[in-house]
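**Student:** Just dropping this structure here.
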Amino acid sequence: METIRGLLRELGYVEGRNIRFEFRNAGGNADALPALARDVVQEGDVDAIIAISTPAALAAHKATQSIPIIALAAVDPVASGLAESLARPGRNVTGIAVFSEETTIKRVELMREVAPRAVRLGTVTTKVSSGAQSLTPVLETGRKLGFAVEAINVDDPADLAKILKPGILAEFDALVFVPDVVLSAHMSEIINLVGQSKTPAIFPSPDWVANGALMSFGPDFADATRHLVSLLDRILKGAKPGDLPFERPTKFDLRINLRSARALGIELPSTVLARADEVIE
């Protein structure tokens with residue numbers, strides 16, 4: 001949120017003078033999103049809603065079909081019902097369409113480079129990310145690359161420590177995480193559990209690596225956020241979201257934490273290190 005505030009200040013929006021923010025956080029509980037969205041809409045005096053996840057965007061769109069919504073969506077906006085087409089959304093939603101299945105494929109490929117002799121690959125999901133669009137890229141790409149792929153489903157975040165026990169994770173040769181707002185809300189705990197298991201894992205965004213995870217690959221969220229704020233600016237100046245095409249990320253980000261690699265006893269290939277946008281020593 002601070003990044004969005006800063007970008008808006010660059011465009012001349014000063015909080016308390018010509019813009020007011022209302023922030024709502026479901027704390028990783030996707031079931032709470034519909035009620036939060038309804039509350040925002042019912043309170044009124046809202047000119048636009050920013051939704052930072054597909055579940056948040058869907059909850060906001062269900063709550064209002066008139067207030068403009070600018071979404072950072074990890075799932076195809078057309079397939080999920082947010083837009084009629086990417087080029088002309090036609091409804092009250094526009095934003096950045098990540099298409100996480102494409103970056104998930106790349107994460108599986110990177111894990112094969114990092115762990116060339118790995119056989120058993122685990123992918124961790126919750127009910128937010130356990131659909132075919134999230135799992136299919138891992139299953140199909142993993143099998144093509146010689147992995148035996150198994151989904152590890154966290155149905156209830158309260159059971160996370162039990163389902164992701166280091167002893168269970170240690171039975172896998174490698175782990176791939178897909179974008180998931182529930183898992184992100186439990187980032188520190190997951191990084192600790194994975195670290196104790198000594199299993200190499202790759203995550204969808206750089207904040208995981210900054211907090212101690214081994215690797216991440218995904219869209220450059222700083223660049224995506226800048227585009228998101230640009231869309232918000234255009235809407236606040238009168239543009240209709242249904243006329244503004246969903247944008248695709250053009251920059252992608254590979255982060256590596258060498259401290260974590262050493263703790264895991266992993267020597268990363270020079271070909272992977274050379275492609276990294278940032279290496280934490």
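Residues are referred to by chain and number: the chain letter is A, B, ... according to the order shown in the structure tokens, the number counts from 1 in that chain, and ligands are numbered separately from 1 in the order shown.
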Step one, run DSSP on the backbone; step two, keep only residues of segment 73-260 of chain A assigned to alpha helix (DSSP H); then write them as a PyMOL selection string.
**Tutor:** chain A and resi 100-114+132-144+160-163+166-169+181-185+187-197+206-210+221-236+258-260
**Student:** Determine, counting only C-alpha atoms, which protein, DNA and RNA residues have an atom within 8 Å of an atom of segment 38-49 of chain A; residues of the same chain fewer than 2 positions away are not included. Present the result as a list in words.
**Tutor:**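 Surrounding residues, per the criterion: Pro34, Ala35, Leu36, Ala51, Ala60, Ala63, Thr64, Ile67, Pro68, Ile69, Ile70, Leu232, Ile235 and Leu236 of chain A.
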**Student:** Which residues, written as a list in words, have at least one atom at most 9 Å from Pro89 of chain A, with only C-alpha atoms counted and residues fewer than 4 positions away on the same chain left out?
**Tutor:**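 Contacts, with the query itself left out: Pro77, Val78, Leu82, Ala83, Glu84, Ser85, Val93, Thr94, Pro241, Gly242, Asp243, Leu244, Pro245 and Phe246 of chain A.
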**Student:** Name the closest residue to Asp159 of chain A among the candidates A:Ser184, A:Thr136, A:Thr126, A:Ser230; distances are taken between atoms, counting only C-alpha atoms.
**Tutor:**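 Residue with the minimum atom-to-atom distance to Asp159 of chain A: A:Thr126.
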**Student:** Rank A:Thr250, A:Thr123, A:Ser188, A:Asn153 by their smallest atom-to-atom distance to Ala210 of chain A, using only C-alpha atoms, and report the top residue only.
**Tutor:**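 Checking each of A:Thr250, A:Thr123, A:Ser188, A:Asn153 against Ala210 of chain A, counting only C-alpha atoms, the winner is A:Ser188.
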**Student:** Can you tell me, as a ChimeraX atom specification, what residues are no more than 12 Å from Thr225 of chain A when counting only C-alpha atoms, ignoring any on the same chain fewer than 2 positions away?
**Tutor:** /A:1-8,50-52,70-73,95-98,219-223,227-232,247-249,251
**Student:** Do you have the atom CA of Ser260 of chain A-atom CA of Leu175 of chain A distance handy?
**Tutor:**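 A separation of 14.6 Å between them.
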**Student:** Please provide the set of residues having any atom within 12 Å of Ser197 of chain A, restricted to only C-alpha atoms, with same-chain residues fewer than 2 positions apart removed, written as a list in words.
**Tutor:**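 Final neighbour list, sorted by chain and number: Leu164, Lys165, Pro166, Gly167, Ile168, Leu169, Ala170, Glu171, Phe172, Asp173, Ala174, Leu175, Ile190, Ile191, Asn192, Leu193, Val194, Gly195, Thr199, Pro200, Ala201, Ala263, Leu264 and Gly265 of chain A.
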